[in-house]
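Listing of coords-v6.json, JSON, C-alpha atoms and all ligand atoms
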[["chain", "number", "residue", "atom", "x", "y", "z"],
["U", 1061, "MET", "CA", -6.17, 20.07, -39.61],
["U", 1062, "PRO", "CA", -9.38, 20.41, -37.66],
["U", 1063, "THR", "CA", -9.25, 19.27, -34.12],
["U", 1064, "LYS", "CA", -11.96, 16.73, -33.69],
["U", 1065, "LYS", "CA", -12.66, 15.04, -30.44],
["U", 1066, "SER", "CA", -13.12, 11.39, -31.09],
["U", 1067, "SER", "CA", -16.58, 10.09, -30.40],
["U", 1068, "ALA", "CA", -15.10, 6.64, -29.95],
["U", 1069, "LYS", "CA", -14.03, 7.55, -26.47],
["U", 1070, "GLN", "CA", -17.49, 8.02, -25.10],
["U", 1071, "LYS", "CA", -18.18, 8.11, -21.45],
["U", 1072, "LEU", "CA", -19.90, 5.08, -20.08],
["U", 1073, "TYR", "CA", -22.51, 5.35, -17.43],
["U", 1074, "LYS", "CA", -22.07, 2.57, -14.94],
["U", 1075, "CYS", "CA", -24.70, 1.04, -12.76],
["U", 1076, "LYS", "CA", -23.36, 1.27, -9.22],
["U", 1077, "HIS", "CA", -25.18, -1.91, -8.26],
["U", 1078, "CYS", "CA", -24.22, -4.38, -10.95],
["U", 1079, "GLY", "CA", -21.38, -2.49, -12.62],
["U", 1080, "PHE", "CA", -22.75, -2.73, -16.15],
["U", 1081, "GLY", "CA", -21.85, 0.12, -18.45],
["U", 1082, "TYR", "CA", -24.29, 2.04, -20.62],
["U", 1083, "ARG", "CA", -23.83, 4.66, -23.29],
["U", 1084, "GLU", "CA", -27.03, 6.38, -22.33],
["U", 1085, "LYS", "CA", -27.70, 7.71, -18.91],
["U", 1086, "LYS", "CA", -31.34, 6.76, -19.07],
["U", 1087, "TRP", "CA", -30.40, 3.09, -19.20],
["U", 1088, "GLN", "CA", -27.90, 3.42, -16.41],
["U", 1089, "ARG", "CA", -30.55, 5.03, -14.26],
["U", 1090, "ALA", "CA", -33.10, 2.42, -15.25],
["U", 1091, "CYS", "CA", -30.63, -0.29, -14.35],
["U", 1092, "GLU", "CA", -29.83, 1.22, -10.99],
["U", 1093, "ALA", "CA", -33.49, 1.60, -10.21],
["U", 1094, "TRP", "CA", -34.14, -1.98, -11.20],
["U", 1095, "CYS", "CA", -31.11, -3.39, -9.39],
["U", 1096, "SER", "CA", -31.86, -1.62, -6.15],
["U", 1097, "LYS", "CA", -35.44, -2.85, -6.19],
["U", 1098, "HIS", "CA", -35.18, -6.33, -7.59],
["U", 1099, "ASN", "CA", -31.57, -7.36, -6.99],
["U", 1100, "SER", "CA", -31.53, -8.97, -10.40],
["U", 1101, "CYS", "CA", -31.12, -7.99, -13.99],
["U", 1102, "ASN", "CA", -33.83, -6.98, -16.41],
["U", 1103, "ILE", "CA", -33.15, -8.27, -19.91],
["U", 1104, "MET", "CA", -34.85, -5.23, -21.40],
["U", 1105, "ILE", "CA", -32.23, -3.11, -19.71],
["U", 1106, "THR", "CA", -29.16, -5.31, -19.92],
["U", 1107, "ARG", "CA", -29.50, -5.61, -23.66],
["U", 1108, "HIS", "CA", -28.21, -2.05, -23.74],
["U", 1109, "VAL", "CA", -25.10, -2.93, -21.79],
["U", 1110, "VAL", "CA", -21.89, -1.91, -23.48],
["U", 1111, "LYS", "CA", -19.20, -4.54, -23.24],
["U", 1112, "LYS", "CA", -15.71, -3.27, -22.64],
["U", 1201, "ZN", "ZN", -27.62, -2.60, -12.67]]

As structure tokens, how would this structure be written, given the file I've shared?
Ligand SMILES: [Zn+2]
Amino acid sequence: MPTKKSSAKQKLYKCKHCGFGYREKKWQRACEAWCSKHNSCNIMITRHVVKK
């Protein structure tokens, strides 16, 4: 049997400001940049949030 690491257990990148989780680091970084500047959420970014 081939040993296959499950892709279902992907690492989530979390915004340290709002705590939202993203599958892609670019969105996590975009969120952090936005959160630190605007103190609010950008719908273009939060649509990529991965719900637990
Ligand atoms: Zn954020």

Can you build me a table of chain U residues sitting at most 9 Å from ligand ZN 1201 (chain U), with the closest atom pair per residue and its distance in Å to one decimal, using only C-alpha atoms and all ligand atoms, sorted by chain and residue number, as a Markdown table?
| residue | atom | partner | partner_atom | distance |
| --- | --- | --- | --- | --- |
| U:Lys1074 | CA | U:ZN1201 | ZN | 7.9 |
| U:Cys1075 | CA | U:ZN1201 | ZN | 4.7 |
| U:Lys1076 | CA | U:ZN1201 | ZN | 6.7 |
| U:His1077 | CA | U:ZN1201 | ZN | 5.1 |
| U:Cys1078 | CA | U:ZN1201 | ZN | 4.2 |
| U:Gly1079 | CA | U:ZN1201 | ZN | 6.2 |
| U:Phe1080 | CA | U:ZN1201 | ZN | 6.0 |
| U:Gly1081 | CA | U:ZN1201 | ZN | 8.6 |
| U:Gln1088 | CA | U:ZN1201 | ZN | 7.1 |
| U:Arg1089 | CA | U:ZN1201 | ZN | 8.3 |
| U:Ala1090 | CA | U:ZN1201 | ZN | 7.9 |
| U:Cys1091 | CA | U:ZN1201 | ZN | 4.1 |
| U:Glu1092 | CA | U:ZN1201 | ZN | 4.7 |
| U:Ala1093 | CA | U:ZN1201 | ZN | 7.6 |
| U:Trp1094 | CA | U:ZN1201 | ZN | 6.7 |
| U:Cys1095 | CA | U:ZN1201 | ZN | 4.9 |
| U:Ser1096 | CA | U:ZN1201 | ZN | 7.8 |
| U:Asn1099 | CA | U:ZN1201 | ZN | 8.4 |
| U:Ser1100 | CA | U:ZN1201 | ZN | 7.8 |
| U:Cys1101 | CA | U:ZN1201 | ZN | 6.6 |
| U:Asn1102 | CA | U:ZN1201 | ZN | 8.5 |
| U:Ile1105 | CA | U:ZN1201 | ZN | 8.4 |
| U:Thr1106 | CA | U:ZN1201 | ZN | 7.9 |

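In this model, the gap between CA of Glu1084 in chain U and CA of Arg1107 in chain U comes to 12.3 Å.
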
Residues within 7 Å of (-25.8, 2.8, -21.3), counting all atoms listed in the file, listed as a short mmCIF file (atom, residue, chain, number, x, y, z; two decimals) with C-alpha atoms, keeping the file's coordinate frame:
data_model
loop_
_atom_site.label_atom_id
_atom_site.label_comp_id
_atom_site.auth_asym_id
_atom_site.auth_seq_id
_atom_site.Cartn_x
_atom_site.Cartn_y
_atom_site.Cartn_z
CA LEU U 1072 -19.90 5.08 -20.08
CA TYR U 1073 -22.51 5.35 -17.43
CA GLY U 1081 -21.85 0.12 -18.45
CA TYR U 1082 -24.29 2.04 -20.62
CA ARG U 1083 -23.83 4.66 -23.29
CA GLU U 1084 -27.03 6.38 -22.33
CA LYS U 1085 -27.70 7.71 -18.91
CA TRP U 1087 -30.40 3.09 -19.20
CA GLN U 1088 -27.90 3.42 -16.41
CA HIS U 1108 -28.21 -2.05 -23.74
CA VAL U 1109 -25.10 -2.93 -21.79
CA VAL U 1110 -21.89 -1.91 -23.48
#
